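Data first, discussion second: the structure below is written as structure tokens.
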Protein chains: 8
Amino acid sequence: MNEKDNPTQQFVLDVERSERNRFVEAIFCEGKNLEQISQIIQMMMEKGENVFGTRLEKEKAIELVKQFQGFEYHSLSRTFSLMQKPPPLLKGTLAILAAGTSDTPVAEEAHQLAKFYGVDVKCFYDVGVAGIHRLLKRLPEIEVCDVAIVVAGMEGALPTVLGGLVSMPIIACPTSVGYGLHLGGLTPLAAMLNSCAEGISVVNIDNGFGAACAALRILRK
Amino acid sequence: MNEKDNPTQQFVLDVERSERNRFVEAIFCEGKNLEQISQIIQMMMEKGENVFGTRLEKEKAIELVKQFQGFEYHSLSRTFSLMQKPPPLLKGTLAILAAGTSDTPVAEEAHQLAKFYGVDVKCFYDVGVAGIHRLLKRLPEIEVCDVAIVVAGMEGALPTVLGGLVSMPIIACPTSVGYGLHLGGLTPLAAMLNSCAEGISVVNIDNGFGAACAALRILRK
Amino acid sequence: MNEKDNPTQQFVLDVERSERNRFVEAIFCEGKNLEQISQIIQMMMEKGENVFGTRLEKEKAIELVKQFQGFEYHSLSRTFSLMQKPPPLLKGTLAILAAGTSDTPVAEEAHQLAKFYGVDVKCFYDVGVAGIHRLLKRLPEIEVCDVAIVVAGMEGALPTVLGGLVSMPIIACPTSVGYGLHLGGLTPLAAMLNSCAEGISVVNIDNGFGAACAALRILRK
Amino acid sequence: MNEKDNPTQQFVLDVERSERNRFVEAIFCEGKNLEQISQIIQMMMEKGENVFGTRLEKEKAIELVKQFQGFEYHSLSRTFSLMQKPPPLLKGTLAILAAGTSDTPVAEEAHQLAKFYGVDVKCFYDVGVAGIHRLLKRLPEIEVCDVAIVVAGMEGALPTVLGGLVSMPIIACPTSVGYGLHLGGLTPLAAMLNSCAEGISVVNIDNGFGAACAALRILRK
Amino acid sequence: MNEKDNPTQQFVLDVERSERNRFVEAIFCEGKNLEQISQIIQMMMEKGENVFGTRLEKEKAIELVKQFQGFEYHSLSRTFSLMQKPPPLLKGTLAILAAGTSDTPVAEEAHQLAKFYGVDVKCFYDVGVAGIHRLLKRLPEIEVCDVAIVVAGMEGALPTVLGGLVSMPIIACPTSVGYGLHLGGLTPLAAMLNSCAEGISVVNIDNGFGAACAALRILRK
Amino acid sequence: MNEKDNPTQQFVLDVERSERNRFVEAIFCEGKNLEQISQIIQMMMEKGENVFGTRLEKEKAIELVKQFQGFEYHSLSRTFSLMQKPPPLLKGTLAILAAGTSDTPVAEEAHQLAKFYGVDVKCFYDVGVAGIHRLLKRLPEIEVCDVAIVVAGMEGALPTVLGGLVSMPIIACPTSVGYGLHLGGLTPLAAMLNSCAEGISVVNIDNGFGAACAALRILRK
Amino acid sequence: MNEKDNPTQQFVLDVERSERNRFVEAIFCEGKNLEQISQIIQMMMEKGENVFGTRLEKEKAIELVKQFQGFEYHSLSRTFSLMQKPPPLLKGTLAILAAGTSDTPVAEEAHQLAKFYGVDVKCFYDVGVAGIHRLLKRLPEIEVCDVAIVVAGMEGALPTVLGGLVSMPIIACPTSVGYGLHLGGLTPLAAMLNSCAEGISVVNIDNGFGAACAALRILRK
Amino acid sequence: MNEKDNPTQQFVLDVERSERNRFVEAIFCEGKNLEQISQIIQMMMEKGENVFGTRLEKEKAIELVKQFQGFEYHSLSRTFSLMQKPPPLLKGTLAILAAGTSDTPVAEEAHQLAKFYGVDVKCFYDVGVAGIHRLLKRLPEIEVCDVAIVVAGMEGALPTVLGGLVSMPIIACPTSVGYGLHLGGLTPLAAMLNSCAEGISVVNIDNGFGAACAALRILRK
């Protein structure tokens, strides 16, 4: 087919940003084709960087596993990583709570990113507040952690209840799990922003990646 | 002033509806002037009906107290009643819960309407879930009631937590208490509709009146 | 493929909630894969529980029928049930009304759940208010029931008309049936919340399951 | 005060439009000050036109009554008219229905405009569908009219029920009467647009003026 | 597969409504399967009715053509008709205008329904206002018609311009043609409702069927 | 009253920005008190700058006129200016069109800002498209200008019609004039963004100031 | 006036929550009357607590200053405090950035709350990104702080730019400063949630209080 | 299959518009089938026009390449062109900036259209503000251009930062790149409309075509 030349996409690693905010560039794979993803991984490997990506479909992952040695895909969270050097050790423990089974893919996106940066993570899944005793039973394990990420869809009430029970920093992450007047996650997002528990801060819907980055900024201090 | 005749508003009591669904017509005072409200009260009194109204401003109430003997105004809920005959006795107890102090006007609208129809009411205020122990302490008193109305603004999580703890019918009533991405009460309304506790039903924002009517339909059975 | 271990999902039955609010956990199948659903069914069977699920696609149902004896799939409502013991008998009759043919899948979700819990159900379908005489003709049969679930999409007017005609509890369930400025069911939802008939309470869009649970809370009293 | 000259506003009557679509320009008074309104009335009087205006506050009306002989203000609908010549006679009768008392200001805006153009109007107020027998009783009077305007707030169900009962043209006019998830009238507007009765057309929220103009286009044929 | 019996769907023709509002029931095919559509057609044929349906996918149409003699499918508008008796003749001409090429499927839905009821239709397509001379050239042909349906997506300005040029009844029909902040057709819908031309009434987004029904109500007078 | 010290607000003129983008800082007066506005004017005067401000209430203007010699207030647009040196002369003419009388305050905000920077402006008011001949008559005067700002509320159709008639740059400015489903100006904003005329660019609702700045960027080239 | 007894509001200090999450209850004064606020202050003073409140109108503050010795009102942020004991010292410095002058009331709400809890605060106001050099100049002072709160209205871009320049925790707080398609602050809220800088977490619109609480959770670690 | 005749679609070139606003009609291919697109290309070729189209899927492009000699498809932007005569030369240079890799398809739609009309274009991709130094480094190259198109998704902050740094006309084009509370591009659209940089004008979401047309109107002056 007689196709016009597409402009050569030249991905340039934003070195200055990485030095300043201490995050290596992660690859958001949604809307990128296999060639683009592959090209970026190649470039980062040449610079000796560890590589992390999100929202990678299984079909593409199968191809990338063949191309890159050490490429690991985590299917539940649709993330991947490729380690060239061990991450620096970080003090402190990150608690990740998820309200329901359907929220675990987002919780695991946070989990994988945190592991990528060497964070010690404890997961507390299926502790939604419709069965409040599930949360109360795990509280002693949770309150000894240093930061908490709380992932919830539906009505998004879990961060509020936890926020009244512990004094640690809490990063709330709403998910798009729900239907009807759920508005694609706007409901738990708005519920979390309107929490009557003091000092809950919030990231975008389904943004497990961002929640983990916010936790990292805290743990790195 | 040379004003054209307004059409004579002739309020007609909807007798057929009252006989069928057993609610006397309540007067929604918002947007009605003093003359209109006064005229409707007069007409209902002539038929020997008890009279109930909502959203009555204090200024108008002061005038109506002068006009009608037995007219009682409840300022917190902005409701009024005028009893000409005692209401029929109803079996069962209605629990009304409110999450925060600012939610009490709506809770009291429900309370006053329920009292108007002879319902036995128990109020549980300031039991929001950011301090979960407040709710847990009152649970034994709540769970012996027959129906619960749960009023909450902000993130609207109280009905969900209660719904996992008791088996009685629960009518959730969101309030417009909140700000920012609260959207005038849409946030707790949507949270209640998306509750992961089974069998929560919901009325409109700030609709304490409707919540009490729904409870009445249940208690009358 | 070289995939990282996913965390072992360990579904834990929320026994404490079931004892308190008298609902066994239902399986919301949307977004769960066959293995997850199968695993949860297995666990519930081992505890001797009856099992109920919603939003199950036909393809998965075909597999599950092979795996589990007694597994029954209801294709119109996309629900399934697996009975290990007869449900306790409940007094009272539940009326389920649906406005149009396209609303019947949601109405049937309510129907199936109610049957699962041993409720006596009478269905009144195709009684939408654009042909008001259809409803009026069936009224004598409806008004002898104890609770009504009213399912409607489009403009969602049916609960209002019924609410003026009967005194029983009414649970309105909007559906996503409509197009244009229907906003995925927000239109009938909002119409039902703004009903001028007294005491209509509402569940989420397409939430036949929740409507039946709300009815159960009433019938169990 | 040292104020810069405002540009001289020169209102120009759009004669060409009036000749083509047969409506004289009406004055939408909201956001216009007394001088502007007065100036436009003056200009139209000089051309020998009848004058009609909407959304005129009482304070301004009191002044205008003093300025212009024959100026008539209708306070319920906040419209005014000033007749210099009798309107041409129009065949046919216009039915105007309103669901509730609070909807009558909008219904009367339609009524006054129709009268201004010489239309024979019959009003049917307080016929909302929560008391369906009110509508059914008046049906014989309604169905002999030639066009119907149906005004309703809250859930906006009246046009749908009427639309199944009569074959005449129906213009539905939603009102902003309601609260909570009413969204300023979006709820009845959306309900009317999604009506399952065939051939309902709709005008903007609170637009009694526009509803009457649409009826006029039909009656003039 | 071991499937539970679905309740026998028994479609009942709403004879009373048809007699009253003079529309035979049309079949909205979206969300109905082939069996359901076929069954309804069969029933209507047995009553001797003409049959009309909307939103029928081509795949289903191919099957129905085989089943029913005289079944005609119109692919652009996705409507079908099956005539058993000639429609009654109607006086008057209906003008259907469409702003752009992409709006013609909706315009044709109106066209086909009008033809089904025996209306004389004149189509004026590709007369959008970004090229205003296209409309002005066709004006003499348009203004001799009796009613106009105006179909437009994008910014939806065509009904406003036409409304200032002619005095006939105008039914505006917005379409979902557009992208970005078009909101699925909300933009032209809102534009039409806010038209500064007097007396434009509006139907739902993409509702060519409803526009034609509204025109029919007018032409039948 | 015993009030804590408020932090001393120290307004710092952003000199670097002014040098780069050639706009002096304008004072957005909404939400600023008299002292703040006065202080900023003082500071700018000391630097020898001309001063311009928007959204200034008349009450504050009356005070400022007393404080500052040469302070001029334009009440229709609620803008003010204070010239210390003549603006540089700019080549080219700016056409400002407004659809209706109620849109002129926004049009005048653009007009006053343009005059402040020495632009030659021609105003064309009351040329809305419901009376299309008004626009067509003025077209020869408009098309010789170099840039056009088009201000419109309601359905916002004027930029589209003009955009098909002229080749100059067009900056569309929606206004909040309208009601019902107007959504505070979202309707004309969305209509303008969806214009089928090529190359219309848009500024925020009621942002006459921004429209003039965009025109200035063009005229300065 | 003959008013029914309002239920005695008995505010109960939520001691258990305070012990757990280390925040004393703050008084949200919006919607509370003078008596209610006064009563809560009294009760907290009796328990020996320091008292903090937000959204207090000046009129009420003037009265409270008279009632309570040591009551201090901060008019710009509309907060008050009443210290009975010195706050515990906290290590670390909190940077508070505000984009524009109009954002300072929200920034000061955060500032006052932080001071109430003994935090060392550095304010960086008027550093919005339309004049990017203002931010770059202050960067050395900012990057030595331990946590940053970033307050911005309009387009809300400041947290993104800062997030690429520093590695500390960043809490973004959108404000309702803006107009047109600003949607009461939804625009900067959504912009902050969609930031392409890693690890920005967000609080509700105008919620300076919550931002400071989130910072406190971090500094207390 | 027995299909009714579809009305013959007769595309008519809008010659008058092209002469007036100097844009040849572009083909918006979304929602048009291969036959329709082919027919329009044919007609334009016969008139000797150059042809340009947007949103063409690859599958259709492959067919059209076979049909028309000189047909060129640009896959990244999904545009095509077919040149029959060289475009007139235009003075001036257009800068096109894109914030992220995912925004390049929209940027390239602008690029291709500009090239089609003979504009000299310089592209600056991957200059988003989370890494502000990327933009600052390229500034000398950017500020010598005559007009800038700025394409950005996510939080859409790039036009604001650029707007404070340069004085040239800036056309901002938001993209739908983002997720969660991104609302399909509404977030960057609203951010751009609320920019605190003076004189940014905006086109619809993903409307690279419109941005280029707006730039052309400026460059043609």
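Just remember, in the structure tokens the first chain shown is A, the second B, etc., residues are 1-based per chain, and ligands are 1-based in the order shown.
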
So that I can see what lies close to Thr175 (chain A), please list as a short mmCIF file (atom, residue, chain, number, x, y, z; two decimals) with all heavy atoms, in the first residue's frame the residues with an atom at most 12 Å from it, counting only C-alpha atoms and leaving out residues fewer than 6 positions away in the same chain.
data_model
loop_
_atom_site.label_atom_id
_atom_site.label_comp_id
_atom_site.auth_asym_id
_atom_site.auth_seq_id
_atom_site.Cartn_x
_atom_site.Cartn_y
_atom_site.Cartn_z
N ALA A 98 -8.02 -3.72 49.75
CA ALA A 98 -9.00 -3.69 48.67
C ALA A 98 -10.35 -4.14 49.22
O ALA A 98 -10.42 -5.10 50.00
CB ALA A 98 -8.57 -4.59 47.52
N ALA A 99 -11.39 -3.44 48.84
CA ALA A 99 -12.72 -3.70 49.41
C ALA A 99 -13.31 -5.02 48.91
O ALA A 99 -13.80 -5.83 49.68
CB ALA A 99 -13.66 -2.55 49.09
N GLY A 100 -13.23 -5.26 47.58
CA GLY A 100 -13.87 -6.44 47.03
C GLY A 100 -12.95 -7.17 46.06
O GLY A 100 -11.91 -6.64 45.63
N THR A 101 -13.34 -8.36 45.69
CA THR A 101 -12.55 -9.17 44.77
C THR A 101 -12.32 -8.44 43.45
O THR A 101 -11.23 -8.49 42.88
CB THR A 101 -13.29 -10.49 44.49
OG1 THR A 101 -13.53 -11.13 45.74
CG2 THR A 101 -12.48 -11.38 43.58
N SER A 102 -13.32 -7.73 42.97
CA SER A 102 -13.19 -7.06 41.68
C SER A 102 -12.24 -5.88 41.73
O SER A 102 -11.85 -5.35 40.69
CB SER A 102 -14.56 -6.59 41.20
OG SER A 102 -15.49 -7.65 41.21
N ASP A 103 -11.88 -5.43 42.91
CA ASP A 103 -10.94 -4.30 43.01
C ASP A 103 -9.49 -4.75 42.99
O ASP A 103 -8.58 -3.92 42.95
CB ASP A 103 -11.20 -3.53 44.32
CG ASP A 103 -12.62 -2.99 44.40
OD1 ASP A 103 -13.11 -2.48 43.39
OD2 ASP A 103 -13.24 -3.09 45.48
N THR A 104 -9.24 -6.06 43.04
CA THR A 104 -7.85 -6.51 43.16
C THR A 104 -6.96 -6.19 41.96
O THR A 104 -5.76 -5.94 42.16
CB THR A 104 -7.78 -8.02 43.48
OG1 THR A 104 -8.65 -8.72 42.61
CG2 THR A 104 -8.20 -8.27 44.93
N PRO A 105 -7.45 -6.15 40.72
CA PRO A 105 -6.52 -5.76 39.65
C PRO A 105 -5.90 -4.39 39.87
O PRO A 105 -4.70 -4.19 39.63
CB PRO A 105 -7.41 -5.77 38.39
CG PRO A 105 -8.48 -6.75 38.71
CD PRO A 105 -8.75 -6.60 40.18
N VAL A 106 -6.69 -3.44 40.35
CA VAL A 106 -6.14 -2.11 40.61
C VAL A 106 -5.18 -2.15 41.80
O VAL A 106 -4.10 -1.54 41.78
CB VAL A 106 -7.27 -1.09 40.83
CG1 VAL A 106 -6.71 0.28 41.19
CG2 VAL A 106 -8.16 -0.99 39.61
N ALA A 107 -5.58 -2.87 42.83
CA ALA A 107 -4.70 -3.00 44.01
C ALA A 107 -3.37 -3.63 43.61
O ALA A 107 -2.30 -3.24 44.09
CB ALA A 107 -5.39 -3.83 45.08
N GLU A 109 -1.94 -3.45 40.66
CA GLU A 109 -1.12 -2.49 39.91
C GLU A 109 -0.26 -1.70 40.89
O GLU A 109 0.93 -1.48 40.66
CB GLU A 109 -2.01 -1.56 39.08
CG GLU A 109 -1.21 -0.66 38.15
CD GLU A 109 -2.09 0.26 37.31
OE1 GLU A 109 -2.71 -0.21 36.34
OE2 GLU A 109 -2.15 1.47 37.62
N VAL A 150 -5.79 2.49 49.89
CA VAL A 150 -7.09 1.85 50.06
C VAL A 150 -7.84 1.88 48.74
O VAL A 150 -8.18 2.96 48.24
CB VAL A 150 -7.91 2.53 51.15
CG1 VAL A 150 -9.22 1.78 51.38
CG2 VAL A 150 -7.12 2.62 52.45
N VAL A 151 -8.09 0.71 48.17
CA VAL A 151 -8.70 0.58 46.86
C VAL A 151 -10.15 0.12 47.03
O VAL A 151 -10.41 -0.88 47.69
CB VAL A 151 -7.92 -0.44 46.01
CG1 VAL A 151 -8.54 -0.59 44.63
CG2 VAL A 151 -6.45 -0.04 45.92
N ALA A 152 -11.10 0.86 46.44
CA ALA A 152 -12.49 0.47 46.57
C ALA A 152 -13.32 1.01 45.42
O ALA A 152 -13.10 2.13 44.96
CB ALA A 152 -13.07 0.96 47.89
N GLY A 153 -14.27 0.19 44.94
CA GLY A 153 -15.23 0.63 43.94
C GLY A 153 -16.58 0.82 44.61
O GLY A 153 -16.64 1.28 45.72
N MET A 154 -17.64 0.47 43.90
CA MET A 154 -18.99 0.57 44.44
C MET A 154 -19.23 1.92 45.15
O MET A 154 -19.10 2.94 44.52
CB MET A 154 -19.27 -0.60 45.40
CG MET A 154 -19.07 -1.96 44.78
SD MET A 154 -20.21 -2.34 43.42
CE MET A 154 -21.67 -2.83 44.34
N GLU A 155 -19.52 1.91 46.46
CA GLU A 155 -19.77 3.18 47.15
C GLU A 155 -18.51 3.78 47.76
O GLU A 155 -18.55 4.90 48.28
CB GLU A 155 -20.86 3.02 48.22
CG GLU A 155 -20.41 2.42 49.54
CD GLU A 155 -20.23 0.91 49.45
OE1 GLU A 155 -19.28 0.48 48.76
OE2 GLU A 155 -21.01 0.19 50.07
N GLY A 156 -17.40 3.08 47.72
CA GLY A 156 -16.10 3.65 48.10
C GLY A 156 -15.98 4.09 49.55
O GLY A 156 -15.30 5.08 49.85
N ALA A 157 -16.57 3.34 50.48
CA ALA A 157 -16.62 3.80 51.87
C ALA A 157 -15.43 3.36 52.72
O ALA A 157 -15.23 3.87 53.82
CB ALA A 157 -17.91 3.30 52.52
N HIS A 182 -23.13 4.64 38.78
CA HIS A 182 -21.77 4.55 39.31
C HIS A 182 -20.87 5.51 38.54
O HIS A 182 -19.89 6.00 39.07
CB HIS A 182 -21.24 3.12 39.16
CG HIS A 182 -20.00 2.85 39.94
ND1 HIS A 182 -18.76 2.84 39.38
CD2 HIS A 182 -19.82 2.60 41.25
CE1 HIS A 182 -17.85 2.57 40.31
NE2 HIS A 182 -18.47 2.43 41.46
N LEU A 183 -21.28 5.77 37.30
CA LEU A 183 -20.63 6.76 36.45
C LEU A 183 -19.15 6.45 36.25
O LEU A 183 -18.30 7.33 36.27
CB LEU A 183 -20.83 8.15 37.06
CG LEU A 183 -22.31 8.54 37.31
CD1 LEU A 183 -22.39 9.82 38.12
CD2 LEU A 183 -23.06 8.68 36.00
N GLY A 184 -18.86 5.17 36.05
CA GLY A 184 -17.50 4.77 35.72
C GLY A 184 -16.49 5.02 36.82
O GLY A 184 -15.31 5.20 36.55
N GLY A 185 -16.95 5.06 38.05
CA GLY A 185 -16.02 5.26 39.16
C GLY A 185 -16.14 6.63 39.80
O GLY A 185 -15.51 6.90 40.82
N LEU A 186 -16.93 7.50 39.19
CA LEU A 186 -17.09 8.84 39.77
C LEU A 186 -17.70 8.74 41.16
O LEU A 186 -17.38 9.54 42.05
CB LEU A 186 -17.99 9.69 38.86
CG LEU A 186 -18.29 11.10 39.34
CD1 LEU A 186 -17.02 11.89 39.58
CD2 LEU A 186 -19.17 11.84 38.35
N THR A 187 -18.56 7.75 41.38
CA THR A 187 -19.21 7.62 42.69
C THR A 187 -18.21 7.37 43.81
O THR A 187 -18.17 8.15 44.77
CB THR A 187 -20.30 6.54 42.62
OG1 THR A 187 -21.34 7.02 41.77
CG2 THR A 187 -20.87 6.23 43.99
N PRO A 188 -17.37 6.34 43.74
CA PRO A 188 -16.41 6.19 44.84
C PRO A 188 -15.38 7.32 44.87
O PRO A 188 -14.92 7.70 45.95
CB PRO A 188 -15.75 4.83 44.57
CG PRO A 188 -16.01 4.53 43.14
CD PRO A 188 -17.32 5.20 42.80
N LEU A 189 -15.02 7.86 43.72
CA LEU A 189 -14.09 9.00 43.71
C LEU A 189 -14.66 10.15 44.52
O LEU A 189 -14.01 10.71 45.41
CB LEU A 189 -13.82 9.45 42.27
CG LEU A 189 -13.05 10.76 42.13
CD1 LEU A 189 -11.64 10.64 42.66
CD2 LEU A 189 -13.01 11.22 40.67
N ALA A 190 -15.91 10.50 44.22
CA ALA A 190 -16.53 11.63 44.92
C ALA A 190 -16.74 11.30 46.39
O ALA A 190 -16.57 12.15 47.26
CB ALA A 190 -17.86 11.97 44.25
N ALA A 191 -17.09 10.04 46.69
CA ALA A 191 -17.27 9.65 48.08
C ALA A 191 -15.96 9.82 48.86
O ALA A 191 -15.95 10.32 49.98
CB ALA A 191 -17.76 8.21 48.17
N MET A 192 -14.86 9.44 48.25
CA MET A 192 -13.56 9.54 48.92
C MET A 192 -13.16 11.00 49.12
O MET A 192 -12.62 11.37 50.16
CB MET A 192 -12.51 8.79 48.12
CG MET A 192 -12.71 7.28 48.16
SD MET A 192 -11.73 6.44 46.89
CE MET A 192 -12.16 4.72 47.22
N VAL A 202 -6.58 11.46 47.53
CA VAL A 202 -7.19 10.58 46.53
C VAL A 202 -6.43 10.66 45.22
O VAL A 202 -5.89 11.70 44.86
CB VAL A 202 -8.66 11.00 46.31
CG1 VAL A 202 -9.39 10.02 45.41
CG2 VAL A 202 -9.40 11.14 47.64
N VAL A 203 -6.39 9.53 44.49
CA VAL A 203 -5.85 9.53 43.13
C VAL A 203 -6.96 9.18 42.15
O VAL A 203 -8.09 8.90 42.55
CB VAL A 203 -4.67 8.52 42.98
CG1 VAL A 203 -3.50 8.94 43.87
CG2 VAL A 203 -5.12 7.11 43.30
N ASN A 204 -6.65 9.22 40.87
CA ASN A 204 -7.65 9.03 39.83
C ASN A 204 -8.26 7.61 39.87
O ASN A 204 -7.67 6.69 40.45
CB ASN A 204 -7.01 9.28 38.46
CG ASN A 204 -8.02 9.59 37.36
OD1 ASN A 204 -9.22 9.67 37.63
ND2 ASN A 204 -7.54 9.74 36.15
N ILE A 205 -9.40 7.45 39.25
CA ILE A 205 -10.09 6.17 39.16
C ILE A 205 -9.20 5.12 38.51
O ILE A 205 -8.60 5.37 37.45
CB ILE A 205 -11.38 6.35 38.33
CG1 ILE A 205 -12.31 7.37 39.00
CG2 ILE A 205 -12.09 5.02 38.11
CD1 ILE A 205 -13.37 7.94 38.07
N ASP A 206 -9.08 3.96 39.15
CA ASP A 206 -8.30 2.82 38.62
C ASP A 206 -6.80 3.12 38.55
O ASP A 206 -6.07 2.38 37.90
CB ASP A 206 -8.79 2.41 37.22
CG ASP A 206 -10.17 1.77 37.25
OD1 ASP A 206 -10.57 1.25 38.31
OD2 ASP A 206 -10.86 1.80 36.23
N ASN A 207 -6.35 4.16 39.23
CA ASN A 207 -4.95 4.56 39.12
C ASN A 207 -4.11 3.96 40.24
O ASN A 207 -3.56 4.65 41.10
CB ASN A 207 -4.85 6.09 39.11
CG ASN A 207 -3.45 6.57 38.74
OD1 ASN A 207 -2.59 5.76 38.39
ND2 ASN A 207 -3.23 7.86 38.81
N GLY A 208 -3.99 2.64 40.22
CA GLY A 208 -3.14 1.97 41.20
C GLY A 208 -1.70 2.43 41.09
O GLY A 208 -1.00 2.57 42.09
N ALA A 211 -1.30 5.71 42.89
CA ALA A 211 -1.38 5.54 44.34
C ALA A 211 -0.05 5.06 44.89
O ALA A 211 0.43 5.54 45.92
CB ALA A 211 -2.49 4.54 44.68
N TYR H 179 -7.80 8.81 31.39
CA TYR H 179 -8.80 7.84 31.86
C TYR H 179 -9.34 8.31 33.20
O TYR H 179 -8.94 9.36 33.69
CB TYR H 179 -8.17 6.44 31.97
CG TYR H 179 -7.03 6.35 32.95
CD1 TYR H 179 -7.25 5.97 34.28
CD2 TYR H 179 -5.74 6.65 32.56
CE1 TYR H 179 -6.20 5.89 35.18
CE2 TYR H 179 -4.70 6.59 33.46
CZ TYR H 179 -4.93 6.20 34.77
OH TYR H 179 -3.91 6.15 35.66
N GLY H 180 -10.25 7.55 33.79
CA GLY H 180 -10.83 7.95 35.06
C GLY H 180 -11.64 9.23 34.91
O GLY H 180 -12.44 9.36 33.99
N LEU H 181 -11.42 10.20 35.79
CA LEU H 181 -12.17 11.46 35.69
C LEU H 181 -11.60 12.34 34.58
O LEU H 181 -11.35 13.52 34.78
CB LEU H 181 -12.16 12.20 37.05
CG LEU H 181 -13.20 13.33 37.14
CD1 LEU H 181 -14.58 12.75 37.22
CD2 LEU H 181 -12.95 14.23 38.33
#

Query raised in the report: If you run DSSP on the backbone, which residues of chain C are strand (DSSP E or B), as a ChimeraX atom specification?
Result: /C:3,27-28,51-54,71-74,79-82,93-98,120-125,147-152,170-174,200-202

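From CA of Thr54 (chain A) back to CA of Phe68 (chain A), the distance works out to 16.5 Å.
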
Report task. Would you mind reading off the distance between CA of Leu64 (chain D) and CA of Ser176 (chain F), one decimal, in Å? Result -> 27.0 Å

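Shortest separation to Gly199 (chain H) among G:Ala130, G:Ile96, G:Met168, G:Ala215 occurs at residue G:Ala130, atoms counted being only C-alpha atoms.
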
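Excluding Ser81 (chain G) and any residue on its chain fewer than 5 positions from it, the residues at most 9 Å away by only C-alpha atoms are Asn50, Val51, Phe52, Gly53, Gly70, Phe71, Glu72, Tyr73, His74, Gln112, Leu113 and Phe116 of chain G.
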
Store the residues picked out above in a file with N, CA and C atoms, as a short mmCIF file (atom, residue, chain, number, x, y, z; two decimals), in the first residue's frame.
data_model
loop_
_atom_site.label_atom_id
_atom_site.label_comp_id
_atom_site.auth_asym_id
_atom_site.auth_seq_id
_atom_site.Cartn_x
_atom_site.Cartn_y
_atom_site.Cartn_z
N ASN G 50 -7.81 21.96 72.63
CA ASN G 50 -7.72 23.10 71.73
C ASN G 50 -8.87 23.00 70.74
N VAL G 51 -9.34 24.16 70.26
CA VAL G 51 -10.51 24.16 69.36
C VAL G 51 -10.14 24.80 68.03
N PHE G 52 -10.59 24.18 66.94
CA PHE G 52 -10.36 24.75 65.61
C PHE G 52 -11.64 24.65 64.80
N GLY G 53 -11.91 25.71 64.00
CA GLY G 53 -13.12 25.68 63.18
C GLY G 53 -12.89 26.30 61.83
N GLY G 70 -9.41 34.24 74.33
CA GLY G 70 -8.41 33.50 73.58
C GLY G 70 -8.89 33.04 72.20
N PHE G 71 -10.15 33.37 71.88
CA PHE G 71 -10.70 33.02 70.56
C PHE G 71 -10.05 33.90 69.51
N GLU G 72 -9.42 33.30 68.52
CA GLU G 72 -8.78 34.08 67.46
C GLU G 72 -9.38 33.75 66.10
N TYR G 73 -9.75 34.79 65.36
CA TYR G 73 -10.37 34.61 64.06
C TYR G 73 -9.41 35.06 62.96
N HIS G 74 -9.33 34.27 61.91
CA HIS G 74 -8.47 34.61 60.77
C HIS G 74 -9.39 34.86 59.58
N GLN G 112 -3.46 27.75 58.51
CA GLN G 112 -3.93 27.94 59.89
C GLN G 112 -4.07 26.60 60.61
N LEU G 113 -4.60 25.60 59.90
CA LEU G 113 -4.76 24.29 60.53
C LEU G 113 -3.40 23.70 60.88
N PHE G 116 -2.04 25.30 63.86
CA PHE G 116 -2.79 24.82 65.03
C PHE G 116 -2.16 23.54 65.59
#
